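Comments concern the structure below.
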Amino acid sequence: MDAVRRAARPSRRGVLRAGGGAALAAAAGTAVTGCGAGTDDGVAADGTVTVEMWHGQADTAKKVLEGLVADFERAHPKIRVKLGGGVLSDVMLQKVTAALAAGSYPDIAYIFGSDLARVARSPQVVDLTDMVGSGPVPWKNYWAASRDAVTLNGRVRAAPAVLDSLAVVCNRKLFREAGLDLPKAGWTWQDFVSSARTLTESGRGRFGTGWPGTGDEDTVWRLWPLIWDLGGDVVDGGGKGIGFADTGARALEVVADLARDKSVYVDPKPGSEQMYQVFQSGRMGMVVTGPWQLPDIETAGIDYHVAPLPSFSGRPVTISGPDTWTVFDNGEARSKAARTFLTWLARPEQDVRWDIEAGSLPLSRRTEALPAWQDQVARTEGLNVFTTALETARVRPVHPAYPEVSQALGQAIVAVLLGRSSPKKALRACADEANAALLIPR
């Protein structure tokens, strides 16, 4: 099925880019207030307003967006949405950062949720609190993850663009051959480790599971559900230190157990493509992933089963990584037109088209209830598990120091995966680096 993003689309868990924060801070301080596109206010002589949108999409998702824009323009003849940007989402932060510094930026850009806090430091980012507080956007009906991912200091700084969650996809054939029952809700991380050990057959090149091993955000965000379930958090209540000094080491013990058993395939390249290829070739029993991977798994002919993430507590827990449509101020006419377009795009009748054809989970319960989405769930094995997980999903904090915290934790995870450090030692090094970053005034 075409519901979830294809491999041709870049990984939404983009590699953390060193130096991006400093460049953005400089851009926030030097960008010209007001019209970022010089004298062009985007309003034609006949009153038509043109909005520039750096969409970051490829292939299927791009075609879907083009179709939605065409429908919007037919219903709003005085607004034109120009799709461009020239880059995919993985490098959008660099392009937007440079554009802010130059004073020539788009009206809308696709920004990863983990980058939003830094981008929102720019005075050119439009506050959307009023937009979602009234009108047809089903804000109160949004999943909490959708709302939390775009809210900073009580203000809505972007519109949710894409929503997902993590679950475990299992190869039924390998479970059957190993004599294991398929996991179901309520299973534990000890069950996961034990199953991975049983599923592993080194002589046949089979692994129990996989984990990204580059230290990027793809590596890190898989660990946050374990930390949250243990009572930890990304940042402590005072905002001056990490909130996982103890729970992080306990979570890393799971990683260490997998590494010790040699039951985990460590993907050495960004994007996790090799890890997914191992699973799709029938040589991996379980993979922690999102709904975007289901089409490739189906295409590969894998008879699969989807289970919720394990936990320590028995309570359901997962992570969602929403990305955003961020609006920039190029004058009142263009900002108003951009808000009009995003308001239209967020309505359930448009949201469901984007979800089914381009690869997102529904932003709101109203979208989830539509017959089109329910039909999609009925056609797609396991899709309901990812949607149900949104009821308890959490998101990473919208915090300007998050990239440094993530980078430090990523290094710790890789050190444990490769057997170079114990969980406690790796977490101590992570805490030293992350706590220093959190103390920097922002």
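In the structure tokens, each chain is lettered A, B, ... as it comes, each chain's residues begin at 1, and ligands are numbered from 1 in order of appearance.
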Report as a PyMOL selection string all protein, DNA and RNA residues lying within 10 Å of Val156 in chain A, evaluated on only C-alpha atoms, omitting residues in the same chain fewer than 5 positions from it. chain A and resi 126-133+147-151
Would you kindly return, as an mmCIF file with C-alpha atoms, in the first residue's frame, each protein, DNA or RNA residue with an atom no farther than 9 Å from any atom of Tyr105 in chain A, considering only C-alpha atoms and excluding same-chain residues fewer than 5 positions away?
data_model
loop_
_atom_site.group_PDB
_atom_site.id
_atom_site.type_symbol
_atom_site.label_atom_id
_atom_site.label_comp_id
_atom_site.auth_asym_id
_atom_site.auth_seq_id
_atom_site.Cartn_x
_atom_site.Cartn_y
_atom_site.Cartn_z
ATOM 1 C CA GLY A 36 12.329 38.897 4.277
ATOM 2 C CA ALA A 37 12.004 39.028 0.513
ATOM 3 C CA GLU A 52 6.557 30.334 -1.225
ATOM 4 C CA VAL A 96 16.604 27.931 6.174
ATOM 5 C CA THR A 97 19.451 29.034 8.437
ATOM 6 C CA ALA A 98 21.315 30.549 5.491
ATOM 7 C CA ALA A 99 18.123 32.160 4.189
ATOM 8 C CA LEU A 100 17.402 33.798 7.539
ATOM 9 C CA PHE A 328 8.088 32.983 8.360
ATOM 10 C CA ASP A 329 7.142 36.661 8.252
ATOM 11 C CA ASN A 330 7.328 38.153 4.774
#
So which residues touch range 211-215 of chain A within 12 Å, counting only C-alpha atoms, skipping near sequence neighbours fewer than 2 positions away, as a ChimeraX atom specification? /A:13-17,207-209,217-223,254-256,258-259,262-276,278-279,284,286-289,403-419,430
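Going from CA of Pro183 in chain A over to CA of Arg197 in chain A, you cover 14.5 Å.
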Go through range 215-355 of chain A and collect every residue that DSSP, computed from the backbone, puts in helix (DSSP H, G or I); the answer should be as a ChimeraX atom specification. /A:217-220,224-229,247-260,273-280,291-299,332-346,348-355
Neighbour list for Val51 in chain A as an mmCIF file with C-alpha atoms, in the first residue's frame, cut-off 8 Å, only C-alpha atoms, skip fewer than 4 positions in-chain:
data_model
loop_
_atom_site.group_PDB
_atom_site.id
_atom_site.type_symbol
_atom_site.label_atom_id
_atom_site.label_comp_id
_atom_site.auth_asym_id
_atom_site.auth_seq_id
_atom_site.Cartn_x
_atom_site.Cartn_y
_atom_site.Cartn_z
ATOM 1 C CA GLY A 42 3.997 38.766 -2.898
ATOM 2 C CA ILE A 79 -3.771 32.739 -3.219
ATOM 3 C CA ARG A 80 -1.007 30.912 -5.078
ATOM 4 C CA VAL A 81 1.292 28.426 -3.340
ATOM 5 C CA LYS A 82 4.677 28.109 -5.038
ATOM 6 C CA PRO A 106 10.225 31.349 2.347
ATOM 7 C CA ASP A 107 6.788 31.800 3.828
ATOM 8 C CA ILE A 108 6.538 28.134 4.875
ATOM 9 C CA ARG A 334 1.889 36.642 2.747
ATOM 10 C CA ALA A 337 -2.157 33.650 3.081
ATOM 11 C CA ALA A 338 0.271 31.086 4.551
#
Within 10 Å of Asp233 in chain A using only C-alpha atoms, minus same-chain residues under 4 positions, as a list in words: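 Everything that qualifies: Trp224, Pro225, Ile227, Trp228, Asp229, Gly237, Ile242, Gly243, Phe244, Ala245, Thr247, Gly248, Arg396 and Pro397 of chain A.
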Which residue is closest to Pro295 in chain A? Choose from A:Val43, A:Ala307, A:Val352, A:Ala358 and count only C-alpha atoms. A:Ala358
Considering only strand (DSSP E or B) as DSSP defines it on the backbone, what residues of range 308-432 of chain A qualify? List them as a PyMOL selection string. chain A and resi 311+318-319+323-328+364+393-394
Go through A:Thr60, A:Ser194, A:Thr50, A:Ser422 and flag the residue nearest Pro77 in chain A, using only C-alpha atoms for the distances. A:Thr50
Leu361 in chain A environment, 10 Å, only C-alpha atoms, sequence neighbours closer than 3 positions dropped, as a PyMOL selection string: chain A and resi 3-4+162-165+290-292+322+351-352+354-356+358+364+367-368+373+383-384+386-387+390
Generate the output file for the selected residues, N, CA, C and O atoms, as a compact mmCIF listing (two decimals), in the first residue's frame.
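This is the output file selection.txt:
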# COMPACT_ATOMS: atom_id res chain seq x y z
N ALA A 3 0.36 4.06 1.78
CA ALA A 3 -0.02 4.96 2.86
C ALA A 3 1.17 5.59 3.55
O ALA A 3 1.07 6.68 4.09
N VAL A 4 2.28 4.90 3.60
CA VAL A 4 3.38 5.38 4.42
C VAL A 4 4.60 5.65 3.56
O VAL A 4 4.76 5.06 2.50
N VAL A 162 3.67 16.13 9.94
CA VAL A 162 3.69 14.68 9.83
C VAL A 162 3.72 14.09 11.23
O VAL A 162 4.40 14.60 12.12
N LEU A 163 2.98 13.03 11.44
CA LEU A 163 2.89 12.38 12.75
C LEU A 163 3.20 10.90 12.60
O LEU A 163 2.80 10.27 11.62
N ASP A 164 3.91 10.34 13.58
CA ASP A 164 4.24 8.93 13.55
C ASP A 164 4.32 8.39 14.97
O ASP A 164 4.06 9.11 15.94
N SER A 165 4.68 7.14 15.12
CA SER A 165 4.94 6.52 16.42
C SER A 165 5.82 5.31 16.18
O SER A 165 5.97 4.86 15.04
N GLY A 290 8.65 2.79 12.48
CA GLY A 290 7.39 3.51 12.38
C GLY A 290 6.57 3.01 11.22
O GLY A 290 7.01 2.16 10.43
N PRO A 291 5.36 3.56 11.06
CA PRO A 291 4.46 3.05 10.00
C PRO A 291 4.96 3.30 8.60
O PRO A 291 4.52 2.63 7.66
N TRP A 292 5.90 4.25 8.45
CA TRP A 292 6.42 4.54 7.10
C TRP A 292 7.13 3.33 6.47
O TRP A 292 7.30 3.26 5.26
N PRO A 322 6.79 14.15 15.56
CA PRO A 322 6.14 15.02 14.57
C PRO A 322 7.11 16.03 13.97
O PRO A 322 7.98 16.57 14.66
N ASP A 351 -6.26 16.35 5.60
CA ASP A 351 -5.31 15.58 6.38
C ASP A 351 -5.36 14.10 6.02
O ASP A 351 -4.33 13.45 5.88
N VAL A 352 -6.55 13.57 5.83
CA VAL A 352 -6.66 12.14 5.55
C VAL A 352 -6.05 11.80 4.19
O VAL A 352 -5.45 10.72 4.01
N TRP A 354 -3.44 13.38 2.82
CA TRP A 354 -2.00 13.42 3.07
C TRP A 354 -1.55 12.16 3.81
O TRP A 354 -0.52 11.56 3.49
N ASP A 355 -2.34 11.74 4.81
CA ASP A 355 -1.97 10.57 5.61
C ASP A 355 -1.93 9.31 4.76
O ASP A 355 -0.95 8.55 4.79
N ILE A 356 -2.97 9.08 3.98
CA ILE A 356 -3.07 7.84 3.22
C ILE A 356 -2.09 7.81 2.06
O ILE A 356 -1.42 6.81 1.82
N ALA A 358 0.64 10.02 1.41
CA ALA A 358 2.02 10.46 1.61
C ALA A 358 2.69 9.83 2.81
O ALA A 358 3.92 9.80 2.87
N SER A 364 -5.41 14.25 14.01
CA SER A 364 -6.48 14.42 14.98
C SER A 364 -7.38 13.19 15.01
O SER A 364 -7.39 12.36 14.09
N THR A 367 -9.79 13.09 12.08
CA THR A 367 -9.28 12.44 10.88
C THR A 367 -9.32 10.93 11.03
O THR A 367 -9.72 10.21 10.11
N GLU A 368 -8.91 10.44 12.20
CA GLU A 368 -8.89 8.99 12.43
C GLU A 368 -10.27 8.38 12.24
O GLU A 368 -10.39 7.24 11.78
N TRP A 373 -9.86 6.74 6.38
CA TRP A 373 -8.77 6.24 7.22
C TRP A 373 -9.10 4.86 7.77
O TRP A 373 -8.23 3.97 7.83
N LEU A 383 -1.37 -1.38 11.09
CA LEU A 383 -1.43 0.08 11.11
C LEU A 383 -2.17 0.60 12.33
O LEU A 383 -1.84 1.64 12.89
N ASN A 384 -3.18 -0.16 12.78
CA ASN A 384 -3.94 0.27 13.96
C ASN A 384 -3.09 0.30 15.21
O ASN A 384 -3.36 1.09 16.14
N PHE A 386 0.04 1.35 15.44
CA PHE A 386 0.73 2.63 15.44
C PHE A 386 -0.23 3.77 15.82
O PHE A 386 0.15 4.69 16.55
N THR A 387 -1.47 3.70 15.31
CA THR A 387 -2.43 4.75 15.62
C THR A 387 -2.86 4.69 17.08
O THR A 387 -2.93 5.72 17.77
N LEU A 390 -0.66 6.38 19.66
CA LEU A 390 -0.70 7.83 19.80
C LEU A 390 -1.43 8.27 21.06
O LEU A 390 -1.24 9.39 21.55
